[in-house]
Amino acid sequence: MRLDELGEFGALARLIRDAGALRDDVILGPGDDAAVMRFTGGEDLVVTTDAFIEGRHWREGWLAPAELGRRLVAANVSDLAAMAAEPRWALIQYGMPRACDIAELEAIQSGVARALEAEGATLVGGNLSSVEGARWLSLTLLGACSPGLVWKRSGARPGDLVGVTGSPGRAGATVRLLERLGVDECASRFSLLLDGFRAPESRVAFARALAAADGVSAAVDLSDGLAADLGHLCDASQCGVELDLRSLAPDARLEAAAAFLGIRADELQISASDDYELVLAVSPGSADACASLAARHGVPFAIVGRITEKSAGRVLVDANDARDWPAGFDHFAR
Ligand SMILES: [Mg+2]
C-alpha cells in the first residue's frame, strides 16, 4: 500500500509496531510526543547524527531497503565507536515520496531495528515527512561512556603511532565500481566488495575494550577517506603526520578493483571512502597491546604511520617517493 493511501498516521502505526524490542531503560518508547529514558550511573551522554540522501549516499538498487537501514545505522555506530561510546537509543527520520510503498519503508526500518539490536540499542522514536525530490533518511544515535573516558580527535601527540582497522578504501572503490558498472555487473564481478559495502562491521566492542585498556590518545572514524580523516585528527591535535603506504597490508579485493578502474590500489586505500573503520593515535608503548586486542576481537589492525610535529606537515611515503596529501570526501567541495 502506498503512503498516500495509508496516510501519515497509518504509516506511523505500522513503523512503531516494527520498531523492535525496547531496552529496559526506556520508560516511554515510540508513539508519544517524546521518548523517555532513565539515565543512571553518572555516565556521559554521547550523541551523533548522520543522514543518507538518495543520489548522494546511494542510488536505486545499490542497497536493498534493509541494507540501506543497516548502513545508516553503521554510519552512526561508527561515530560512537570512534568516541569509545556504547550505542543505546536512536531516533529515525524519513523523507519519503507519497508514492512510496509502506512495505519498502518497513523493510528499511527492519534493517535499522535489527542493526540497532545487534548493538544492544533501541529505536525510541522518529518522524515521517513527505518529499517531492530525493528520498532521505536520518538517524540520531545516543550512547554512553564512563565519565571522561571518551576518545577525542584532539589528543594525539608527536611520537604516537597511527593505527587503522579493517581495509580502508574498499567502500570508496565499491562506489566507483557501482557507478561504472551498475549494480548487476558489480555484483557478479566484485561480489565480495559489494557484500562488504552492504554490511559494514561494527567496531564498538573493540573500541570499548581498547578504551578500557588505555593507550589510545586520539581517534576518528573512517568516513571521508583515510588521508582526510587522519587529516581531521591532525587538525584537531595540532600535529603533523607521516603515513607510510608501504605499511598498509596488500588488499587483493582492492587490487582487482584498482586494475579495473585504472587506479593504483594504494590510491584507493587513502582516498574518499566511507569504510566506517577506526583511525587511532596510539602511544608507542601500547601498540602491541592494541594489535593483540584487535586480533582477539577478529578486527584487522595495522600501524600505518606516526604523528609528528605540526611543522613537519603531512607526508605520504610510498615505495618511490613522497606524494601530495589527497583530499577526501567533502559535501560542498567543487
Ligand atoms: Mg565521524
# chains A, B, ... in the order shown; residues from 1 in each chain; ligands from 1
call {"tool": "residues_near_ligand", "arguments": {"ligand": "ligand 1", "cutoff": "6 Å", "atoms": "only C-alpha atoms and all ligand atoms", "output": "PyMOL selection string"}}
result
chain A and resi 79+220-221
call {"tool": "write_last_selection", "arguments": {"atoms": "N, CA and C atoms", "output": "PDB file, in the first residue's frame"}}
result
ATOM      1  N   ASP A  79      30.557   6.445  14.378  1.00  0.00           N
ATOM      2  CA  ASP A  79      30.897   7.684  15.093  1.00  0.00           C
ATOM      3  C   ASP A  79      30.990   7.430  16.601  1.00  0.00           C
ATOM      4  N   VAL A 220      39.315   8.858  15.335  1.00  0.00           N
ATOM      5  CA  VAL A 220      38.330   9.398  14.399  1.00  0.00           C
ATOM      6  C   VAL A 220      37.834   8.198  13.605  1.00  0.00           C
ATOM      7  N   ASP A 221      36.595   8.248  13.133  1.00  0.00           N
ATOM      8  CA  ASP A 221      36.177   7.114  12.312  1.00  0.00           C
ATOM      9  C   ASP A 221      36.436   7.425  10.846  1.00  0.00           C
TER      10      ASP A 221
END
call {"tool": "residues_around", "arguments": {"residues": "Val47 of chain A", "least_positions_apart": "2", "cutoff": "12 Å", "atoms": "only C-alpha atoms", "output": "VMD selection string"}}
result
chain A and resid 44 to 45 49 to 50 76 to 91 139 to 145 150
call {"tool": "write_last_selection", "arguments": {"atoms": "N, CA and C atoms", "output": "compact mmCIF listing (two decimals), in the first residue's frame"}}
result
# COMPACT_ATOMS: atom_id res chain seq x y z
N ASP A 44 28.57 9.75 30.92
CA ASP A 44 28.45 10.86 29.97
C ASP A 44 27.57 10.40 28.81
N LEU A 45 26.69 11.31 28.37
CA LEU A 45 25.84 11.04 27.22
C LEU A 45 26.61 11.44 25.96
N THR A 49 24.69 12.23 14.80
CA THR A 49 23.63 12.11 13.81
C THR A 49 24.23 12.07 12.41
N ASP A 50 23.57 11.34 11.52
CA ASP A 50 24.03 11.19 10.15
C ASP A 50 22.82 10.96 9.25
N ASN A 76 26.33 5.80 11.92
CA ASN A 76 26.20 6.42 13.24
C ASN A 76 26.96 5.62 14.31
N VAL A 77 26.85 4.31 14.25
CA VAL A 77 27.55 3.45 15.22
C VAL A 77 29.06 3.69 15.13
N SER A 78 29.53 3.89 13.91
CA SER A 78 30.95 4.14 13.69
C SER A 78 31.41 5.42 14.39
N ASP A 79 30.56 6.45 14.38
CA ASP A 79 30.90 7.68 15.09
C ASP A 79 30.99 7.43 16.60
N LEU A 80 30.10 6.63 17.13
CA LEU A 80 30.18 6.34 18.58
C LEU A 80 31.38 5.45 18.89
N ALA A 81 31.68 4.51 17.99
CA ALA A 81 32.87 3.67 18.20
C ALA A 81 34.11 4.54 18.27
N ALA A 82 34.15 5.59 17.43
CA ALA A 82 35.32 6.48 17.41
C ALA A 82 35.42 7.32 18.68
N MET A 83 34.36 7.32 19.49
CA MET A 83 34.39 8.00 20.79
C MET A 83 34.54 6.98 21.92
N ALA A 84 34.62 5.69 21.57
CA ALA A 84 34.64 4.59 22.54
C ALA A 84 33.37 4.58 23.38
N ALA A 85 32.25 5.00 22.77
CA ALA A 85 30.97 5.03 23.48
C ALA A 85 30.10 3.84 23.08
N GLU A 86 29.14 3.51 23.94
CA GLU A 86 28.25 2.37 23.72
C GLU A 86 26.89 2.87 23.22
N PRO A 87 26.46 2.44 22.02
CA PRO A 87 25.16 2.89 21.49
C PRO A 87 24.00 2.37 22.34
N ARG A 88 23.00 3.23 22.57
CA ARG A 88 21.85 2.79 23.38
C ARG A 88 20.49 3.11 22.75
N TRP A 89 20.29 4.35 22.30
CA TRP A 89 18.96 4.75 21.84
C TRP A 89 19.10 5.50 20.51
N ALA A 90 18.09 5.36 19.66
CA ALA A 90 18.16 6.04 18.36
C ALA A 90 16.82 6.63 17.97
N LEU A 91 16.88 7.74 17.23
CA LEU A 91 15.71 8.39 16.63
C LEU A 91 15.90 8.37 15.13
N LEU A 139 19.42 9.39 11.01
CA LEU A 139 19.38 8.74 12.32
C LEU A 139 20.14 9.59 13.33
N THR A 140 19.59 9.69 14.52
CA THR A 140 20.32 10.27 15.65
C THR A 140 20.54 9.15 16.65
N LEU A 141 21.80 8.97 17.01
CA LEU A 141 22.15 7.85 17.89
C LEU A 141 22.70 8.39 19.20
N LEU A 142 22.12 7.95 20.29
CA LEU A 142 22.57 8.36 21.62
C LEU A 142 23.24 7.18 22.29
N GLY A 143 24.35 7.47 22.97
CA GLY A 143 25.08 6.41 23.65
C GLY A 143 25.67 6.93 24.93
N ALA A 144 26.50 6.12 25.55
CA ALA A 144 27.06 6.48 26.84
C ALA A 144 28.49 6.02 26.97
N CYS A 145 29.20 6.71 27.84
CA CYS A 145 30.59 6.38 28.11
C CYS A 145 30.88 6.74 29.57
N VAL A 150 35.77 9.30 27.00
CA VAL A 150 35.60 9.32 25.53
C VAL A 150 36.93 9.63 24.85
call {"tool": "select_by_dssp", "arguments": {"residues": "segment 58-305 of chain A", "states": "alpha helix (DSSP H)", "output": "PyMOL selection string"}}
result
chain A and resi 65-81+102-118+170-189+191-198+204-213+226-237+252-261+265-270+287-296
call {"tool": "select_by_dssp", "arguments": {"residues": "segment 60-294 of chain A", "states": "strand (DSSP E or B)", "output": "NGL selection string"}}
result
:A and (86-96 or 101 or 122-130 or 136-145 or 161-165 or 216-222 or 240-244 or 277-282)
call {"tool": "atom_distance", "arguments": {"atom1": "atom CA of Phe190 of chain A", "atom2": "atom CA of Ala51 of chain A"}}
result
26.5 Å
call {"tool": "residues_around", "arguments": {"residues": "Arg176 of chain A", "least_positions_apart": "6", "cutoff": "12 Å", "atoms": "only C-alpha atoms", "output": "PyMOL selection string"}}
result
chain A and resi 58+62+169-170+182-183+186+190+193-194+197+254+257-258+260-263+268+271-273
call {"tool": "write_last_selection", "arguments": {"atoms": "N, CA, C and O atoms", "output": "mmCIF file, in the first residue's frame"}}
result
data_model
loop_
_atom_site.group_PDB
_atom_site.id
_atom_site.type_symbol
_atom_site.label_atom_id
_atom_site.label_comp_id
_atom_site.auth_asym_id
_atom_site.auth_seq_id
_atom_site.Cartn_x
_atom_site.Cartn_y
_atom_site.Cartn_z
ATOM 1 N N TRP A 58 23.404 6.883 -1.851
ATOM 2 C CA TRP A 58 23.076 5.613 -2.508
ATOM 3 C C TRP A 58 22.250 5.903 -3.749
ATOM 4 O O TRP A 58 21.684 6.994 -3.883
ATOM 5 N N TRP A 62 21.427 -0.090 -5.390
ATOM 6 C CA TRP A 62 22.726 -0.361 -4.762
ATOM 7 C C TRP A 62 22.558 -1.174 -3.489
ATOM 8 O O TRP A 62 23.378 -2.036 -3.172
ATOM 9 N N GLY A 169 39.469 2.012 2.077
ATOM 10 C CA GLY A 169 39.348 2.240 0.640
ATOM 11 C C GLY A 169 38.334 1.356 -0.060
ATOM 12 O O GLY A 169 37.926 1.651 -1.184
ATOM 13 N N ARG A 170 37.909 0.288 0.629
ATOM 14 C CA ARG A 170 37.006 -0.635 -0.062
ATOM 15 C C ARG A 170 35.650 0.002 -0.382
ATOM 16 O O ARG A 170 35.094 -0.235 -1.457
ATOM 17 N N GLY A 182 27.264 -0.398 -12.843
ATOM 18 C CA GLY A 182 25.871 -0.692 -12.486
ATOM 19 C C GLY A 182 25.856 -1.834 -11.482
ATOM 20 O O GLY A 182 26.853 -2.545 -11.308
ATOM 21 N N VAL A 183 24.721 -1.996 -10.825
ATOM 22 C CA VAL A 183 24.686 -2.912 -9.683
ATOM 23 C C VAL A 183 24.812 -4.385 -10.098
ATOM 24 O O VAL A 183 25.505 -5.161 -9.424
ATOM 25 N N CYS A 186 28.417 -5.202 -11.174
ATOM 26 C CA CYS A 186 29.275 -5.067 -9.987
ATOM 27 C C CYS A 186 29.085 -6.287 -9.083
ATOM 28 O O CYS A 186 30.050 -6.839 -8.551
ATOM 29 N N PHE A 190 32.410 -8.187 -8.688
ATOM 30 C CA PHE A 190 33.068 -7.740 -7.444
ATOM 31 C C PHE A 190 32.157 -8.008 -6.245
ATOM 32 O O PHE A 190 31.912 -7.125 -5.425
ATOM 33 N N LEU A 193 33.405 -7.246 -2.530
ATOM 34 C CA LEU A 193 33.437 -5.815 -2.199
ATOM 35 C C LEU A 193 32.022 -5.301 -1.965
ATOM 36 O O LEU A 193 31.762 -4.558 -1.016
ATOM 37 N N LEU A 194 31.102 -5.689 -2.840
ATOM 38 C CA LEU A 194 29.720 -5.213 -2.707
ATOM 39 C C LEU A 194 29.081 -5.744 -1.421
ATOM 40 O O LEU A 194 28.393 -5.003 -0.716
ATOM 41 N N PHE A 197 30.308 -3.657 1.403
ATOM 42 C CA PHE A 197 29.687 -2.330 1.365
ATOM 43 C C PHE A 197 28.281 -2.386 1.958
ATOM 44 O O PHE A 197 27.836 -1.468 2.646
ATOM 45 N N LEU A 254 40.917 -4.990 -3.327
ATOM 46 C CA LEU A 254 41.128 -3.614 -3.784
ATOM 47 C C LEU A 254 42.018 -3.600 -5.025
ATOM 48 O O LEU A 254 41.827 -2.774 -5.932
ATOM 49 N N ALA A 257 39.888 -4.302 -7.984
ATOM 50 C CA ALA A 257 39.103 -3.110 -8.323
ATOM 51 C C ALA A 257 39.992 -2.066 -8.982
ATOM 52 O O ALA A 257 39.611 -1.435 -9.982
ATOM 53 N N ALA A 258 41.203 -1.886 -8.418
ATOM 54 C CA ALA A 258 42.122 -0.876 -8.938
ATOM 55 C C ALA A 258 42.504 -1.179 -10.384
ATOM 56 O O ALA A 258 42.552 -0.287 -11.227
ATOM 57 N N PHE A 260 40.782 -2.788 -12.589
ATOM 58 C CA PHE A 260 39.642 -2.492 -13.460
ATOM 59 C C PHE A 260 39.460 -0.988 -13.640
ATOM 60 O O PHE A 260 39.184 -0.502 -14.740
ATOM 61 N N LEU A 261 39.615 -0.242 -12.531
ATOM 62 C CA LEU A 261 39.354 1.201 -12.564
ATOM 63 C C LEU A 261 40.521 1.998 -13.158
ATOM 64 O O LEU A 261 40.380 3.181 -13.464
ATOM 65 N N GLY A 262 41.684 1.338 -13.291
ATOM 66 C CA GLY A 262 42.851 2.052 -13.808
ATOM 67 C C GLY A 262 43.440 3.023 -12.793
ATOM 68 O O GLY A 262 43.940 4.084 -13.142
ATOM 69 N N ILE A 263 43.344 2.644 -11.513
ATOM 70 C CA ILE A 263 43.869 3.481 -10.422
ATOM 71 C C ILE A 263 44.812 2.605 -9.612
ATOM 72 O O ILE A 263 44.622 1.392 -9.543
ATOM 73 N N LEU A 268 43.475 4.114 -3.894
ATOM 74 C CA LEU A 268 42.136 3.808 -3.379
ATOM 75 C C LEU A 268 42.145 3.703 -1.855
ATOM 76 O O LEU A 268 41.188 4.079 -1.188
ATOM 77 N N SER A 271 42.052 7.448 -0.504
ATOM 78 C CA SER A 271 41.149 8.499 -0.988
ATOM 79 C C SER A 271 39.726 8.305 -0.466
ATOM 80 O O SER A 271 39.466 7.392 0.307
ATOM 81 N N ALA A 272 38.817 9.187 -0.887
ATOM 82 C CA ALA A 272 37.467 9.258 -0.325
ATOM 83 C C ALA A 272 36.800 7.882 -0.222
ATOM 84 O O ALA A 272 36.703 7.155 -1.204
ATOM 85 N N SER A 273 36.351 7.542 0.988
ATOM 86 C CA SER A 273 35.785 6.223 1.216
ATOM 87 C C SER A 273 35.127 6.204 2.592
ATOM 88 O O SER A 273 35.767 6.564 3.580
#
call {"tool": "atom_distance", "arguments": {"atom1": "atom CA of Val241 of chain A", "atom2": "atom CA of Ala75 of chain A"}}
result
25.5 Å
call {"tool": "atom_distance", "arguments": {"atom1": "atom CA of Leu128 of chain A", "atom2": "atom CA of Glu8 of chain A"}}
result
7.2 Å
call {"tool": "closest_residue", "arguments": {"among": "A:Val304, A:Ala327, A:Ala156, A:Ile102", "to": "Asp229 of chain A", "atoms": "only C-alpha atoms"}}
result
A:Ala327
call {"tool": "closest_residue", "arguments": {"among": "A:Ala107, A:Val175, A:Val282, A:Leu15", "to": "Arg59 of chain A", "atoms": "only C-alpha atoms"}}
result
A:Val175
call {"tool": "closest_residue", "arguments": {"among": "A:Pro326, A:Pro65, A:Gly10, A:Gly133", "to": "Arg198 of chain A", "atoms": "only C-alpha atoms"}}
result
A:Pro65
call {"tool": "residues_around", "arguments": {"residues": "Ala295 of chain A", "least_positions_apart": "6", "cutoff": "12 Å", "atoms": "only C-alpha atoms", "output": "VMD selection string"}}
result
chain A and resid 165 to 166 206 210 288 to 289 301 to 302
call {"tool": "write_last_selection", "arguments": {"atoms": "C-alpha atoms", "output": "PDB file, in the first residue's frame"}}
result
ATOM      1  CA  THR A 165      41.239  -1.090  11.470  1.00  0.00           C
ATOM      2  CA  GLY A 166      39.818  -3.023   8.530  1.00  0.00           C
ATOM      3  CA  PHE A 206      36.875  -3.484  20.040  1.00  0.00           C
ATOM      4  CA  LEU A 210      40.616  -0.794  23.865  1.00  0.00           C
ATOM      5  CA  ASP A 288      51.469  -4.226  20.679  1.00  0.00           C
ATOM      6  CA  ALA A 289      48.637  -4.477  23.229  1.00  0.00           C
ATOM      7  CA  PHE A 301      44.557  -3.784  12.510  1.00  0.00           C
ATOM      8  CA  ALA A 302      47.750  -2.214  11.193  1.00  0.00           C
TER       9      ALA A 302
END
